[in-house]
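First up is the structure itself, then whatever we jot down about it.
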Amino acid sequence: MANDSNRFQAIISHAKEYGFVFPSSEIYDGLQAVYDYGQWGSELKKNIKDYWWESMTRMYENIVGIDAAIFMHPTTWKASGHVDNFNDPMIDNKDSKKRYRVDHLIEGYAEEQSATGNEQLAKDVLAQMDALLAKDDFAGLKKLIEDNKIKCAVSGTANWTDIRQFNLMFSTEFGSTESSEIPPSGGGGANKVYLRPETAQGIFVNFLNVQKTGRMKIPFGIAQIGKAFRNEIVARQFIFRMREFEQMEMQFFIQPGTQKQWYEYWKEERLKWHLALGFGKEQYRFHDHVKLAHYADAACDIEFNFPIGFKEVEGIHSRTDFDLKQHQEYSKKKMQYFDNDIDPATNKPYGNYIPYVIETSIGLDRMFLLVLSAAYEEQDLSTPEKQDSRVVLKFPAKLAPMKLAILPLLKKDGLPEIGRKLMDDCRTSFRCFYEEKDAIGKRYRRMDAIGTPFCVTIDHQTKEDNTVTIRYRDTMQQERIPLDKVKEIVQAAIM
Ligand code: ATP
């Protein structure tokens, strides 16, 4: 049975062995921090996406969705601050040539100290790091690394370069290289475009399009799911930190001055969304940001207890009017909203203003890892007579890649025909799996390993009285039920 330290490795191996996640272009030895989703992984990912999309757009009347392009006019990223500010402080070890994100290097050291009983030292180091990061004090950070004799994991030495900033945006060339294909707004003229590092800007530049065509009244939100790209330096930890990933973001446009109350509102709403999956309240916590991003006046993360410790899964940011204001300035297009509501501060209509924004931003892949790690369980089922164990993925039924397995006990005597008919009945409503091969116990274990909540076995008695055996994944209990109840039971569980 995997203990805490190798549980993560066991999950990664399981994800590969059972068709959830493969390293990208694996036949060429993979590509660092890029992954492909396999047959069951893509189903799980889509179910998570749908769960988010439906909760965020259908459950709130004042939120609508869009699907903006990955490529955007390069001035977008100048205006948003990403060209100048989307940097991470990095440090290189001169002996191994390995590059580290400064915060990760120090956090790793603090974790080691904490694990060996030096909790106070770990706390002090982290507090000093936060204070220095907040001031961009790179000399101070380097001194902190040197004073604590923090070493490179590869070379084992403390021979460090100075700390430098490294921009995380990927860029590429647009169109032919002979002439510019980019309209010269904000001093274009070149062909360089960026792969968006966040989906949010696609929402900001469409704020007025959506507001006007959708006749949206503030407060309202725009949601989006899409790819984002970051040239992450420390790209390990499986799909936790990828170079190509997907974000599920929502920008909520509000009246200036109401940001504190809406920030609290969205913190609570988003935590509720997580808790509804039933993985346990104690597995989540909020972490307030000390160093705020260039656009924020308050920010926090929802952290989950991953096998690698409590880490961010979602960010909630009060982004002020920074982005819309910047786009107004760079594009010379008004980003204002006209509001007839009475401002309680002045007793007069609000009139024209640039809305403030609260953002909720969650990584789809990171949420996938959360679901996978929360669901993964190794169970020892040994009895005095027999050694036995199983790996089961206890996915919430609505997220499970496969909802129902239909398993005729034998490949003859008309049993497959009954199974096929049940399959035809159910397949239009949810994903089913049909299998006649191997001993039934083996088939159950394969379904446990991909997290199928229900298995139904068809045997000779089915022919006599139209009943089947339903087996529940989590309890492994079996029950005789009428064949025509199967669809209903599954449907009720995946609602
Ligand atoms: P981190 O501190 O982990 O680098 P961040 O604070 O830069 O993350 P945000 O910019 O707030 O992240 O992005 C919002 C969400 O997008 C994160 O909460 C995370 O779930 C996801 N995300 C960000 N970067 C990555 C990545 N490289 N791979 C996978 N998901 C990511």
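Each chain of the structure tokens is named A, B, ... in the order shown, its residues numbered from 1; ligands are numbered from 1 in display order.
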
Give as a CSV table (one decimal) with N, CA and C atoms, in the first residue's frame the residues surrounding ligand 1 up to a distance of 7 Å, considering only C-alpha atoms and all ligand atoms.
```csv
chain,number,residue,atom,x,y,z
A,198,GLU,N,-3.4,33.7,-19.7
A,198,GLU,CA,-4.6,33.6,-18.9
A,198,GLU,C,-5.8,33.8,-19.9
A,230,ARG,N,2.0,28.9,-20.2
A,230,ARG,CA,3.0,29.6,-19.4
A,230,ARG,C,4.3,28.9,-19.5
A,232,GLU,N,6.6,27.8,-17.7
A,232,GLU,CA,6.9,27.6,-16.3
A,232,GLU,C,8.3,27.1,-16.2
A,239,ILE,N,0.5,16.9,-13.6
A,239,ILE,CA,-0.3,18.0,-14.3
A,239,ILE,C,-0.6,19.1,-13.3
A,240,PHE,N,0.1,19.2,-12.1
A,240,PHE,CA,-0.2,20.3,-11.2
A,240,PHE,C,0.3,21.6,-11.9
A,241,ARG,N,1.5,21.5,-12.5
A,241,ARG,CA,2.0,22.7,-13.2
A,241,ARG,C,2.5,22.4,-14.6
A,242,MET,N,1.7,22.8,-15.5
A,242,MET,CA,1.9,22.5,-16.9
A,242,MET,C,2.3,23.7,-17.7
A,243,ARG,N,2.9,23.5,-18.9
A,243,ARG,CA,3.2,24.6,-19.8
A,243,ARG,C,2.0,25.0,-20.7
A,244,GLU,N,1.2,24.0,-21.0
A,244,GLU,CA,-0.1,24.2,-21.7
A,244,GLU,C,-1.2,23.6,-20.8
A,245,PHE,N,-2.1,24.5,-20.4
A,245,PHE,CA,-3.2,24.0,-19.5
A,245,PHE,C,-4.5,24.7,-19.8
A,246,GLU,N,-5.5,24.3,-19.1
A,246,GLU,CA,-6.8,25.0,-19.3
A,246,GLU,C,-7.3,25.7,-18.1
A,247,GLN,N,-7.9,26.8,-18.3
A,247,GLN,CA,-8.4,27.6,-17.1
A,247,GLN,C,-9.9,27.7,-17.3
A,301,ASP,N,-6.3,32.2,-2.4
A,301,ASP,CA,-6.4,30.9,-3.1
A,301,ASP,C,-7.3,30.0,-2.3
A,312,GLU,N,-2.5,25.5,-4.1
A,312,GLU,CA,-3.6,26.2,-4.7
A,312,GLU,C,-4.3,25.4,-5.8
A,313,VAL,N,-5.6,25.5,-5.8
A,313,VAL,CA,-6.4,24.9,-6.9
A,313,VAL,C,-7.1,26.0,-7.6
A,314,GLU,N,-7.5,27.1,-6.9
A,314,GLU,CA,-8.3,28.2,-7.5
A,314,GLU,C,-7.9,29.5,-6.8
A,315,GLY,N,-7.9,30.5,-7.6
A,315,GLY,CA,-7.6,31.9,-7.1
A,315,GLY,C,-8.9,32.7,-7.2
A,361,SER,N,-10.8,32.0,-10.7
A,361,SER,CA,-9.9,31.4,-11.7
A,361,SER,C,-9.5,30.1,-11.2
A,362,ILE,N,-9.9,29.0,-11.9
A,362,ILE,CA,-9.5,27.7,-11.5
A,362,ILE,C,-8.9,26.9,-12.7
A,363,GLY,N,-7.8,26.2,-12.4
A,363,GLY,CA,-7.2,25.4,-13.4
A,363,GLY,C,-8.0,24.1,-13.6
A,364,LEU,N,-8.4,23.8,-14.8
A,364,LEU,CA,-9.1,22.6,-15.1
A,364,LEU,C,-8.2,21.3,-14.8
A,365,ASP,N,-7.0,21.4,-15.3
A,365,ASP,CA,-6.1,20.3,-15.1
A,365,ASP,C,-5.8,20.1,-13.6
A,366,ARG,N,-5.7,21.2,-12.9
A,366,ARG,CA,-5.4,21.1,-11.4
A,366,ARG,C,-6.6,20.5,-10.7
A,367,MET,N,-7.8,20.9,-11.2
A,367,MET,CA,-9.0,20.3,-10.6
A,367,MET,C,-9.1,18.8,-10.9
```

Which polymer residues have any atom within 12 Å of an atom of Asp162 (chain A), counting only C-alpha atoms, with same-chain residues fewer than 6 positions away left out, as an MDAnalysis selection string?
chainID A and resid 89:94 99:100 102 137:143 145:146

Would you list the contacts of Tyr51 (chain A) as a PyMOL selection string, taking every protein, DNA or RNA residue within 12 Å and counting only C-alpha atoms, but skipping same-chain residues closer than 2 positions in sequence?
chain A and resi 44-49+53-59+225+248+273-274+276-277+364+367-368+396-400+494-495

Which one of A:Asn352, A:Thr76, A:Asn191, A:Gln328 sits closest to Phe174 (chain A) if you count only C-alpha atoms?
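Of A:Asn352, A:Thr76, A:Asn191, A:Gln328, the one nearest Phe174 (chain A), counting only C-alpha atoms, is A:Asn191.
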
What parts of region 409-474 of chain A does DSSP call strand (DSSP E or B)? I'd like the answer as a VMD selection string.
chain A and resid 432 to 434 454 to 458 467 to 472

Which residues, written as a PyMOL selection string, have at least one atom at most 12 Å from Lys291 (chain A), with only C-alpha atoms counted and residues fewer than 3 positions away on the same chain left out?
chain A and resi 103+127+129-136+287-288+294-300

Output C-alpha atoms of each residue in that selection to a file, as a PDB file, in the first residue's frame.
```pdb
ATOM      1  CA  ASP A 103       9.908  31.028  -3.947  1.00  0.00           C
ATOM      2  CA  ALA A 127       7.677  34.970   6.638  1.00  0.00           C
ATOM      3  CA  MET A 129      10.532  35.361   2.056  1.00  0.00           C
ATOM      4  CA  ASP A 130       6.996  36.790   1.810  1.00  0.00           C
ATOM      5  CA  ALA A 131       8.179  40.157   3.078  1.00  0.00           C
ATOM      6  CA  LEU A 132      11.114  40.270   0.637  1.00  0.00           C
ATOM      7  CA  LEU A 133       8.991  39.110  -2.324  1.00  0.00           C
ATOM      8  CA  ALA A 134       6.432  41.802  -1.540  1.00  0.00           C
ATOM      9  CA  LYS A 135       9.211  44.413  -1.936  1.00  0.00           C
ATOM     10  CA  ASP A 136      10.878  42.706  -4.939  1.00  0.00           C
ATOM     11  CA  HIS A 287      -4.709  31.222   1.750  1.00  0.00           C
ATOM     12  CA  ASP A 288      -4.563  35.024   1.548  1.00  0.00           C
ATOM     13  CA  HIS A 294      -0.037  44.123 -10.166  1.00  0.00           C
ATOM     14  CA  TYR A 295      -3.798  44.302 -10.810  1.00  0.00           C
ATOM     15  CA  ALA A 296      -5.261  43.214  -7.464  1.00  0.00           C
ATOM     16  CA  ASP A 297      -6.443  44.920  -4.253  1.00  0.00           C
ATOM     17  CA  ALA A 298      -7.224  41.600  -2.522  1.00  0.00           C
ATOM     18  CA  ALA A 299      -6.564  37.997  -3.475  1.00  0.00           C
ATOM     19  CA  CYS A 300      -6.692  34.529  -2.003  1.00  0.00           C
TER      20      CYS A 300
END
```

At a cut-off of 8 Å, using only C-alpha atoms, what residues contact Gln491 (chain A)? Leave out same-chain residues fewer than 4 positions from it and give the result as a PyMOL selection string.
chain A and resi 429-430+487+495

Written file, previous selection with all heavy atoms, as a PDB file, in the first residue's frame:
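File again_29.pdb, as written:
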```
ATOM      1  N   SER A 429     -28.466   8.233 -22.653  1.00  0.00           N
ATOM      2  CA  SER A 429     -28.556   9.075 -21.456  1.00  0.00           C
ATOM      3  C   SER A 429     -27.225   9.225 -20.724  1.00  0.00           C
ATOM      4  O   SER A 429     -26.976  10.245 -20.090  1.00  0.00           O
ATOM      5  CB  SER A 429     -29.573   8.503 -20.466  1.00  0.00           C
ATOM      6  OG  SER A 429     -30.810   8.330 -21.104  1.00  0.00           O
ATOM      7  N   PHE A 430     -26.384   8.223 -20.740  1.00  0.00           N
ATOM      8  CA  PHE A 430     -25.079   8.314 -20.067  1.00  0.00           C
ATOM      9  C   PHE A 430     -24.132   7.279 -20.657  1.00  0.00           C
ATOM     10  O   PHE A 430     -24.539   6.378 -21.380  1.00  0.00           O
ATOM     11  CB  PHE A 430     -25.212   8.149 -18.543  1.00  0.00           C
ATOM     12  CG  PHE A 430     -26.069   6.986 -18.115  1.00  0.00           C
ATOM     13  CD1 PHE A 430     -25.570   5.700 -18.093  1.00  0.00           C
ATOM     14  CD2 PHE A 430     -27.406   7.193 -17.750  1.00  0.00           C
ATOM     15  CE1 PHE A 430     -26.375   4.631 -17.715  1.00  0.00           C
ATOM     16  CE2 PHE A 430     -28.213   6.121 -17.371  1.00  0.00           C
ATOM     17  CZ  PHE A 430     -27.690   4.834 -17.354  1.00  0.00           C
ATOM     18  N   LYS A 487     -31.589   1.906 -15.219  1.00  0.00           N
ATOM     19  CA  LYS A 487     -31.383   3.242 -15.786  1.00  0.00           C
ATOM     20  C   LYS A 487     -31.745   4.341 -14.774  1.00  0.00           C
ATOM     21  O   LYS A 487     -31.008   5.310 -14.600  1.00  0.00           O
ATOM     22  CB  LYS A 487     -32.238   3.375 -17.052  1.00  0.00           C
ATOM     23  CG  LYS A 487     -31.978   4.627 -17.835  1.00  0.00           C
ATOM     24  CD  LYS A 487     -32.712   4.577 -19.160  1.00  0.00           C
ATOM     25  CE  LYS A 487     -32.582   5.873 -19.903  1.00  0.00           C
ATOM     26  NZ  LYS A 487     -33.331   5.836 -21.172  1.00  0.00           N
ATOM     27  N   MET A 495     -27.312  12.951 -11.309  1.00  0.00           N
ATOM     28  CA  MET A 495     -28.016  14.247 -11.440  1.00  0.00           C
ATOM     29  C   MET A 495     -27.136  15.389 -10.986  1.00  0.00           C
ATOM     30  O   MET A 495     -26.494  15.295  -9.960  1.00  0.00           O
ATOM     31  CB  MET A 495     -29.268  14.227 -10.579  1.00  0.00           C
ATOM     32  CG  MET A 495     -30.371  13.422 -11.189  1.00  0.00           C
ATOM     33  SD  MET A 495     -31.481  14.419 -12.193  1.00  0.00           S
ATOM     34  CE  MET A 495     -32.339  15.320 -10.928  1.00  0.00           C
TER      35      MET A 495
END
```

Got a sec: who's within 12 Å of Glu26 (chain A), counting only C-alpha atoms, leaving out chain neighbours fewer than 6 positions off, as a PyMOL selection string?
chain A and resi 16+32-36

Near-His73 (chain A) list (8 Å; only C-alpha atoms; drop same-chain fewer than 4 positions) as a ChimeraX atom specification:
/A:77,182,193

Nearest to Lys442 (chain A), restricted to only C-alpha atoms and choosing among A:Lys281, A:Lys217, A:Lys149, A:Arg390, comes out as A:Arg390

Best match for closeness to Val21 (chain A) among A:Leu372, A:Gln283, A:Asp321, A:Lys412, counting only C-alpha atoms:
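Distance minimum relative to Val21 (chain A) lands on A:Leu372.
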
Counting only C-alpha atoms, the option among A:Phe395, A:Phe86, A:Tyr434, A:Phe229 closest to Asp474 (chain A)
A:Phe395

Calculate how many Å separate CA of Lys272 (chain A) from CA of Gly65 (chain A), rounding to one decimal.
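Answer for the CA of Lys272 (chain A) to CA of Gly65 (chain A) separation: 20.6 Å.
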
Residue with smallest distance to Leu369 (chain A) - pool A:Ala223, A:Ala15, A:Cys432, A:Ala345, counting only C-alpha atoms
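Answer, going by the shortest atom-to-atom distance: A:Ala15.
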